[in-house]
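This is input-v1.pdb (PDB, C-alpha atoms).
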ATOM      1  CA  MET A   1      -2.029  27.431 -15.931  1.00  0.00           C
ATOM      2  CA  ARG A   2      -1.501  25.338 -12.791  1.00  0.00           C
ATOM      3  CA  ILE A   3      -1.921  21.587 -13.060  1.00  0.00           C
ATOM      4  CA  VAL A   4      -3.430  19.954  -9.947  1.00  0.00           C
ATOM      5  CA  ASP A   5      -3.683  16.171  -9.863  1.00  0.00           C
ATOM      6  CA  ALA A   6      -6.424  15.443  -7.315  1.00  0.00           C
ATOM      7  CA  ASP A   7      -6.333  11.645  -7.717  1.00  0.00           C
ATOM      8  CA  SER A   8      -2.708  10.607  -7.486  1.00  0.00           C
ATOM      9  CA  HIS A   9      -1.547   7.535  -5.588  1.00  0.00           C
ATOM     10  CA  PHE A  10       1.364   6.240  -3.634  1.00  0.00           C
ATOM     11  CA  MET A  11       2.561   2.835  -4.721  1.00  0.00           C
ATOM     12  CA  GLU A  12       3.677   1.739  -1.303  1.00  0.00           C
ATOM     13  CA  PRO A  13       6.717  -0.551  -1.378  1.00  0.00           C
ATOM     14  CA  LEU A  14       5.957  -4.137  -0.451  1.00  0.00           C
ATOM     15  CA  GLY A  15       6.723  -4.515   3.235  1.00  0.00           C
ATOM     16  CA  TRP A  16       6.317  -0.805   4.081  1.00  0.00           C
ATOM     17  CA  PHE A  17       4.106  -1.692   7.054  1.00  0.00           C
ATOM     18  CA  GLN A  18       6.364  -4.416   8.464  1.00  0.00           C
ATOM     19  CA  GLU A  19       9.490  -2.318   8.055  1.00  0.00           C
ATOM     20  CA  SER A  20       8.047   0.918   9.439  1.00  0.00           C
ATOM     21  CA  PHE A  21       5.861  -0.539  12.215  1.00  0.00           C
ATOM     22  CA  PRO A  22       7.196  -4.014  13.083  1.00  0.00           C
ATOM     23  CA  GLU A  23       5.501  -4.297  16.485  1.00  0.00           C
ATOM     24  CA  LEU A  24       2.091  -3.334  15.117  1.00  0.00           C
ATOM     25  CA  ALA A  25       2.580  -5.529  12.046  1.00  0.00           C
ATOM     26  CA  SER A  26       3.240  -8.510  14.324  1.00  0.00           C
ATOM     27  CA  ARG A  27      -0.210  -8.025  15.893  1.00  0.00           C
ATOM     28  CA  CYS A  28      -2.051  -7.339  12.638  1.00  0.00           C
ATOM     29  CA  PRO A  29      -3.397 -10.149  10.448  1.00  0.00           C
ATOM     30  CA  ALA A  30      -1.218 -10.852   7.440  1.00  0.00           C
ATOM     31  CA  VAL A  31      -2.447  -9.652   4.066  1.00  0.00           C
ATOM     32  CA  PRO A  32      -1.854 -12.206   1.314  1.00  0.00           C
ATOM     33  CA  LEU A  33       0.242 -10.738  -1.469  1.00  0.00           C
ATOM     34  CA  VAL A  34      -2.268 -11.944  -4.056  1.00  0.00           C
ATOM     35  CA  ASP A  35      -4.950  -9.839  -2.318  1.00  0.00           C
ATOM     36  CA  MET A  36      -2.726  -6.753  -2.468  1.00  0.00           C
ATOM     37  CA  VAL A  37      -1.943  -7.261  -6.133  1.00  0.00           C
ATOM     38  CA  LEU A  38      -5.605  -7.800  -6.948  1.00  0.00           C
ATOM     39  CA  GLU A  39      -6.513  -4.629  -5.054  1.00  0.00           C
ATOM     40  CA  ALA A  40      -3.829  -2.641  -6.878  1.00  0.00           C
ATOM     41  CA  LEU A  41      -4.967  -3.919 -10.269  1.00  0.00           C
ATOM     42  CA  MET A  42      -8.726  -4.125  -9.822  1.00  0.00           C
ATOM     43  CA  GLY A  43      -9.429  -1.842  -6.852  1.00  0.00           C
ATOM     44  CA  ASP A  44     -13.019  -1.436  -5.825  1.00  0.00           C
ATOM     45  CA  LEU A  45     -14.280  -3.448  -8.787  1.00  0.00           C
ATOM     46  CA  VAL A  46     -13.809  -6.722  -6.914  1.00  0.00           C
ATOM     47  CA  THR A  47     -14.088  -5.614  -3.290  1.00  0.00           C
ATOM     48  CA  SER A  48     -17.390  -3.825  -3.802  1.00  0.00           C
ATOM     49  CA  LEU A  49     -19.236  -6.716  -5.407  1.00  0.00           C
ATOM     50  CA  PRO A  50     -22.369  -7.781  -3.529  1.00  0.00           C
ATOM     51  CA  PRO A  51     -22.209 -11.002  -1.490  1.00  0.00           C
ATOM     52  CA  GLY A  52     -22.723 -14.011  -3.706  1.00  0.00           C
ATOM     53  CA  LEU A  53     -21.060 -12.313  -6.656  1.00  0.00           C
ATOM     54  CA  SER A  54     -17.552 -12.426  -5.255  1.00  0.00           C
ATOM     55  CA  LEU A  55     -14.782 -13.580  -7.530  1.00  0.00           C
ATOM     56  CA  ASP A  56     -11.743 -15.660  -6.709  1.00  0.00           C
ATOM     57  CA  ALA A  57      -8.741 -13.407  -7.124  1.00  0.00           C
ATOM     58  CA  ARG A  58      -6.819 -16.236  -8.719  1.00  0.00           C
ATOM     59  CA  ASP A  59      -9.303 -16.326 -11.593  1.00  0.00           C
ATOM     60  CA  LEU A  60      -8.514 -12.708 -12.449  1.00  0.00           C
ATOM     61  CA  LEU A  61      -4.712 -12.732 -12.495  1.00  0.00           C
ATOM     62  CA  PRO A  62      -2.422 -14.122 -15.198  1.00  0.00           C
ATOM     63  CA  GLN A  63      -0.683 -17.405 -14.401  1.00  0.00           C
ATOM     64  CA  GLY A  64       2.815 -15.894 -14.541  1.00  0.00           C
ATOM     65  CA  LEU A  65       1.883 -13.370 -11.890  1.00  0.00           C
ATOM     66  CA  LEU A  66       0.249 -16.072  -9.776  1.00  0.00           C
ATOM     67  CA  ASP A  67       3.408 -18.183  -9.977  1.00  0.00           C
ATOM     68  CA  MET A  68       5.461 -15.254  -8.712  1.00  0.00           C
ATOM     69  CA  LEU A  69       3.003 -14.495  -5.902  1.00  0.00           C
ATOM     70  CA  ASP A  70       2.931 -18.118  -4.797  1.00  0.00           C
ATOM     71  CA  ARG A  71       6.552 -17.745  -3.699  1.00  0.00           C
ATOM     72  CA  TRP A  72       5.303 -15.650  -0.802  1.00  0.00           C
ATOM     73  CA  ASP A  73       2.280 -16.928   1.107  1.00  0.00           C
ATOM     74  CA  ASP A  74       1.897 -13.668   2.998  1.00  0.00           C
ATOM     75  CA  MET A  75       3.781 -10.499   3.745  1.00  0.00           C
ATOM     76  CA  GLU A  76       5.430 -11.921   6.878  1.00  0.00           C
ATOM     77  CA  GLN A  77       7.750 -13.855   4.597  1.00  0.00           C
ATOM     78  CA  LEU A  78       9.252 -10.610   3.350  1.00  0.00           C
ATOM     79  CA  ASN A  79      11.119 -10.297   6.630  1.00  0.00           C
ATOM     80  CA  ALA A  80      11.625 -14.019   7.297  1.00  0.00           C
ATOM     81  CA  SER A  81      15.219 -14.267   6.127  1.00  0.00           C
ATOM     82  CA  ASP A  82      17.978 -13.240   8.541  1.00  0.00           C
ATOM     83  CA  THR A  83      20.261 -12.698   5.535  1.00  0.00           C
ATOM     84  CA  GLY A  84      17.829 -10.312   3.903  1.00  0.00           C
ATOM     85  CA  GLU A  85      17.628 -12.612   0.879  1.00  0.00           C
ATOM     86  CA  THR A  86      13.827 -12.444   0.702  1.00  0.00           C
ATOM     87  CA  ARG A  87      13.835  -8.649   1.009  1.00  0.00           C
ATOM     88  CA  ASP A  88      16.497  -8.434  -1.715  1.00  0.00           C
ATOM     89  CA  ARG A  89      14.387 -10.605  -4.040  1.00  0.00           C
ATOM     90  CA  VAL A  90      11.343  -8.394  -3.443  1.00  0.00           C
ATOM     91  CA  ASP A  91      13.421  -5.259  -4.077  1.00  0.00           C
ATOM     92  CA  GLU A  92      14.666  -6.809  -7.332  1.00  0.00           C
ATOM     93  CA  MET A  93      11.103  -7.755  -8.311  1.00  0.00           C
ATOM     94  CA  GLN A  94       9.873  -4.225  -7.615  1.00  0.00           C
ATOM     95  CA  ALA A  95      12.720  -2.730  -9.658  1.00  0.00           C
ATOM     96  CA  ALA A  96      12.104  -5.156 -12.528  1.00  0.00           C
ATOM     97  CA  ARG A  97       8.410  -4.237 -12.553  1.00  0.00           C
ATOM     98  CA  GLY A  98       9.248  -0.543 -12.786  1.00  0.00           C
ATOM     99  CA  TRP A  99       8.792   0.411  -9.108  1.00  0.00           C
ATOM    100  CA  SER A 100      10.530   3.697  -8.551  1.00  0.00           C
ATOM    101  CA  PRO A 101      11.155   5.875  -5.498  1.00  0.00           C
ATOM    102  CA  ALA A 102       8.975   8.460  -7.279  1.00  0.00           C
ATOM    103  CA  GLN A 103       6.034   6.241  -6.397  1.00  0.00           C
ATOM    104  CA  TYR A 104       6.520   6.610  -2.641  1.00  0.00           C
ATOM    105  CA  GLU A 105       9.201   9.196  -1.793  1.00  0.00           C
ATOM    106  CA  GLY A 106       8.451  12.906  -1.745  1.00  0.00           C
ATOM    107  CA  LYS A 107      11.577  14.406  -3.297  1.00  0.00           C
ATOM    108  CA  ALA A 108      11.673  11.797  -6.062  1.00  0.00           C
ATOM    109  CA  ARG A 109       7.955  12.360  -6.695  1.00  0.00           C
ATOM    110  CA  LEU A 110       8.490  16.118  -7.000  1.00  0.00           C
ATOM    111  CA  ALA A 111      11.240  15.566  -9.566  1.00  0.00           C
ATOM    112  CA  TRP A 112       8.876  13.309 -11.541  1.00  0.00           C
ATOM    113  CA  ALA A 113       6.012  15.821 -11.254  1.00  0.00           C
ATOM    114  CA  ASP A 114       8.288  18.613 -12.480  1.00  0.00           C
ATOM    115  CA  LYS A 115       9.143  16.591 -15.603  1.00  0.00           C
ATOM    116  CA  LYS A 116       5.425  16.025 -16.239  1.00  0.00           C
ATOM    117  CA  GLY A 117       4.427  19.642 -15.582  1.00  0.00           C
ATOM    118  CA  ILE A 118       2.320  18.814 -12.505  1.00  0.00           C
ATOM    119  CA  ASP A 119       2.245  21.521  -9.852  1.00  0.00           C
ATOM    120  CA  VAL A 120       0.311  19.819  -7.031  1.00  0.00           C
ATOM    121  CA  GLN A 121      -0.708  16.247  -6.305  1.00  0.00           C
ATOM    122  CA  VAL A 122      -3.151  14.922  -3.738  1.00  0.00           C
ATOM    123  CA  MET A 123      -1.625  11.602  -2.672  1.00  0.00           C
ATOM    124  CA  LEU A 124      -3.975   8.703  -1.911  1.00  0.00           C
ATOM    125  CA  PRO A 125      -3.001   5.214  -0.778  1.00  0.00           C
ATOM    126  CA  THR A 126      -2.969   2.286  -3.156  1.00  0.00           C
ATOM    127  CA  LEU A 127      -2.363  -0.510  -0.651  1.00  0.00           C
ATOM    128  CA  GLY A 128      -1.760   1.459   2.538  1.00  0.00           C
ATOM    129  CA  TYR A 129      -5.148   0.663   4.034  1.00  0.00           C
ATOM    130  CA  MET A 130      -4.788  -3.116   3.588  1.00  0.00           C
ATOM    131  CA  PRO A 131      -3.571  -3.748   7.178  1.00  0.00           C
ATOM    132  CA  TYR A 132      -6.605  -1.791   8.441  1.00  0.00           C
ATOM    133  CA  ARG A 133      -8.966  -3.809   6.288  1.00  0.00           C
ATOM    134  CA  ALA A 134      -7.383  -7.131   7.308  1.00  0.00           C
ATOM    135  CA  ALA A 135      -7.751  -6.257  10.997  1.00  0.00           C
ATOM    136  CA  MET A 136     -11.357  -5.092  10.577  1.00  0.00           C
ATOM    137  CA  GLN A 137     -12.252  -8.297   8.732  1.00  0.00           C
ATOM    138  CA  GLN A 138     -11.136 -10.221  11.821  1.00  0.00           C
ATOM    139  CA  GLY A 139     -12.910  -7.921  14.256  1.00  0.00           C
ATOM    140  CA  LEU A 140      -9.690  -6.371  15.573  1.00  0.00           C
ATOM    141  CA  ARG A 141     -10.994  -2.811  15.671  1.00  0.00           C
ATOM    142  CA  GLU A 142      -8.295  -1.273  17.895  1.00  0.00           C
ATOM    143  CA  ILE A 143      -5.502  -2.800  15.812  1.00  0.00           C
ATOM    144  CA  ALA A 144      -7.303  -1.620  12.674  1.00  0.00           C
ATOM    145  CA  PHE A 145      -7.356   1.972  13.939  1.00  0.00           C
ATOM    146  CA  GLU A 146      -3.679   1.717  14.889  1.00  0.00           C
ATOM    147  CA  ALA A 147      -3.003   0.569  11.320  1.00  0.00           C
ATOM    148  CA  LEU A 148      -4.820   3.615   9.922  1.00  0.00           C
ATOM    149  CA  ALA A 149      -2.781   5.910  12.147  1.00  0.00           C
ATOM    150  CA  ALA A 150       0.384   4.065  11.089  1.00  0.00           C
ATOM    151  CA  TYR A 151      -0.395   4.642   7.416  1.00  0.00           C
ATOM    152  CA  ASN A 152      -1.084   8.333   8.056  1.00  0.00           C
ATOM    153  CA  THR A 153       2.252   8.629   9.864  1.00  0.00           C
ATOM    154  CA  TRP A 154       4.087   6.782   7.083  1.00  0.00           C
ATOM    155  CA  ALA A 155       2.497   8.929   4.335  1.00  0.00           C
ATOM    156  CA  ALA A 156       3.300  12.175   6.164  1.00  0.00           C
ATOM    157  CA  HIS A 157       6.881  11.035   6.692  1.00  0.00           C
ATOM    158  CA  GLN A 158       7.270  10.088   3.014  1.00  0.00           C
ATOM    159  CA  LEU A 159       6.218  13.578   1.944  1.00  0.00           C
ATOM    160  CA  GLU A 160       7.984  15.516   4.696  1.00  0.00           C
ATOM    161  CA  GLY A 161       9.304  18.794   3.336  1.00  0.00           C
ATOM    162  CA  CYS A 162       7.201  18.466   0.160  1.00  0.00           C
ATOM    163  CA  THR A 163       3.664  19.095   1.419  1.00  0.00           C
ATOM    164  CA  ASP A 164       3.419  22.467  -0.294  1.00  0.00           C
ATOM    165  CA  ARG A 165       2.961  20.447  -3.514  1.00  0.00           C
ATOM    166  CA  LEU A 166       2.341  16.846  -2.421  1.00  0.00           C
ATOM    167  CA  ILE A 167      -0.651  16.525  -0.109  1.00  0.00           C
ATOM    168  CA  PRO A 168      -1.064  13.237   1.759  1.00  0.00           C
ATOM    169  CA  VAL A 169      -4.676  12.162   2.289  1.00  0.00           C
ATOM    170  CA  SER A 170      -5.223  11.067   5.888  1.00  0.00           C
ATOM    171  CA  LEU A 171      -7.244   7.897   6.333  1.00  0.00           C
ATOM    172  CA  GLY A 172     -10.046   7.699   8.857  1.00  0.00           C
ATOM    173  CA  ASP A 173     -12.982   5.454   9.685  1.00  0.00           C
ATOM    174  CA  LEU A 174     -16.242   7.363   9.477  1.00  0.00           C
ATOM    175  CA  GLY A 175     -17.862   4.614  11.538  1.00  0.00           C
ATOM    176  CA  ASP A 176     -16.003   6.160  14.483  1.00  0.00           C
ATOM    177  CA  LEU A 177     -16.118   9.917  14.034  1.00  0.00           C
ATOM    178  CA  GLU A 178     -14.544  10.593  17.410  1.00  0.00           C
ATOM    179  CA  TRP A 179     -11.457   8.566  16.490  1.00  0.00           C
ATOM    180  CA  SER A 180     -11.317  10.045  13.002  1.00  0.00           C
TER     181      SER A 180
END
For the structure just supplied, provide its representation as structure tokens.
Amino acid sequence: MRIVDADSHFMEPLGWFQESFPELASRCPAVPLVDMVLEALMGDLVTSLPPGLSLDARDLLPQGLLDMLDRWDDMEQLNASDTGETRDRVDEMQAARGWSPAQYEGKARLAWADKKGIDVQVMLPTLGYMPYRAAMQQGLREIAFEALAAYNTWAAHQLEGCTDRLIPVSLGDLGDLEWS
């Protein structure tokens, strides 16, 4: 029997957008790290609440996590250090929290899937659409669409050579069918 996982996710490394698309990232509104963590943990639960019922993200996260997130006001700080010290600290944090290349690299993901007996995975973003959403929230439609295309490029690159078993889901905006 073949096992097909139709709802698998990348766990994009923090700073994937800035590192892969620095020029575009410089034009895109910053996404606060606390917003990304909340999205990863709570997903649509919080973002889909009707107006007037919105929750403050800080009320939903444990204090220890908030203390860690407060060290970085936004993702731009990941690349702020010429020595790479900030990037190194983020890499250490990701490793300490169990981040693994299997969460975002094709060959490592295939090795993981083989151990779990999974034959095919459809790979969705976890945080990859955040730059798009940040740009749309500020009315920067063209930058938002560039951010979608950037994510699609990044996801395809991450799974290059593995797409017979790992299928990246391309992001589009159905509000603009021609672009999509």
| query | Counting only C-alpha atoms, what is within 12 Å of Ala155 of chain A, bar same-chain residues fewer than 5 positions away, as number ranges by chain? | reply | A: 9-13, 16-17, 20, 103-106, 122-129, 148-150, 160, 162-163, 166-171
Where is the centre and how long are the edges: axis-aligned box on segment 119-131 of chain A, 5 Å on each side, Å to one decimal, as JSON:
{"center_x": -1.5, "center_y": 8.9, "center_z": -1.3, "size_x": 17.4, "size_y": 35.3, "size_z": 27.0}
| field | Atom-to-atom span, atom CA of Tyr132 of chain A and atom CA of Ala147 of chain A, Å | value |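 Taking atom CA of Tyr132 of chain A as the start and atom CA of Ala147 of chain A as the end point, the length is 5.2 Å.
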| query | Quick one: distance from atom CA of Ile118 of chain A to atom CA of His157 of chain A in Å, one decimal? | reply |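 It comes out at 21.2 Å.
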| said: One decimal, in Å: what's the spacing between atom CA of Ile143 of chain A and atom CA of Leu49 of chain A? | reply: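 Atom CA of Ile143 of chain A sits 25.6 Å away from atom CA of Leu49 of chain A.
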| Within 6 Å of (-7.8, -8.4, -8.9), in the coordinates the file gives, what residues turn up when you count all atoms listed in the file, written out as a ChimeraX atom specification? | /A:38-39,41-42,57,60
| Quick one: which residues end up in the PyMOL selection byres ((chain A and resi 145) around 12) for this structure, as number ranges by chain? | A: 24, 28, 129-136, 139-144, 146-152, 171-180
Resulting file, chosen residues, C-alpha atoms, as a PDB file, in the frame of the given file:
ATOM      1  CA  LEU A  24       2.091  -3.334  15.117  1.00  0.00           C
ATOM      2  CA  CYS A  28      -2.051  -7.339  12.638  1.00  0.00           C
ATOM      3  CA  TYR A 129      -5.148   0.663   4.034  1.00  0.00           C
ATOM      4  CA  MET A 130      -4.788  -3.116   3.588  1.00  0.00           C
ATOM      5  CA  PRO A 131      -3.571  -3.748   7.178  1.00  0.00           C
ATOM      6  CA  TYR A 132      -6.605  -1.791   8.441  1.00  0.00           C
ATOM      7  CA  ARG A 133      -8.966  -3.809   6.288  1.00  0.00           C
ATOM      8  CA  ALA A 134      -7.383  -7.131   7.308  1.00  0.00           C
ATOM      9  CA  ALA A 135      -7.751  -6.257  10.997  1.00  0.00           C
ATOM     10  CA  MET A 136     -11.357  -5.092  10.577  1.00  0.00           C
ATOM     11  CA  GLY A 139     -12.910  -7.921  14.256  1.00  0.00           C
ATOM     12  CA  LEU A 140      -9.690  -6.371  15.573  1.00  0.00           C
ATOM     13  CA  ARG A 141     -10.994  -2.811  15.671  1.00  0.00           C
ATOM     14  CA  GLU A 142      -8.295  -1.273  17.895  1.00  0.00           C
ATOM     15  CA  ILE A 143      -5.502  -2.800  15.812  1.00  0.00           C
ATOM     16  CA  ALA A 144      -7.303  -1.620  12.674  1.00  0.00           C
ATOM     17  CA  GLU A 146      -3.679   1.717  14.889  1.00  0.00           C
ATOM     18  CA  ALA A 147      -3.003   0.569  11.320  1.00  0.00           C
ATOM     19  CA  LEU A 148      -4.820   3.615   9.922  1.00  0.00           C
ATOM     20  CA  ALA A 149      -2.781   5.910  12.147  1.00  0.00           C
ATOM     21  CA  ALA A 150       0.384   4.065  11.089  1.00  0.00           C
ATOM     22  CA  TYR A 151      -0.395   4.642   7.416  1.00  0.00           C
ATOM     23  CA  ASN A 152      -1.084   8.333   8.056  1.00  0.00           C
ATOM     24  CA  LEU A 171      -7.244   7.897   6.333  1.00  0.00           C
ATOM     25  CA  GLY A 172     -10.046   7.699   8.857  1.00  0.00           C
ATOM     26  CA  ASP A 173     -12.982   5.454   9.685  1.00  0.00           C
ATOM     27  CA  LEU A 174     -16.242   7.363   9.477  1.00  0.00           C
ATOM     28  CA  GLY A 175     -17.862   4.614  11.538  1.00  0.00           C
ATOM     29  CA  ASP A 176     -16.003   6.160  14.483  1.00  0.00           C
ATOM     30  CA  LEU A 177     -16.118   9.917  14.034  1.00  0.00           C
ATOM     31  CA  GLU A 178     -14.544  10.593  17.410  1.00  0.00           C
ATOM     32  CA  TRP A 179     -11.457   8.566  16.490  1.00  0.00           C
ATOM     33  CA  SER A 180     -11.317  10.045  13.002  1.00  0.00           C
TER      34      SER A 180
END
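Proximity of A:Pro32, A:Lys107, A:Arg58, A:Asp164 to Gly15 of chain A, computed with only C-alpha atoms, is greatest for A:Pro32.
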| task | Point out the residue among A:Arg165, A:Asp56, A:Ile3, A:Gly64 with the least atom-to-atom distance to Leu110 of chain A, counting all atoms listed in the file. | result |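 Using all atoms listed in the file, Leu110 of chain A sits closest to A:Arg165.
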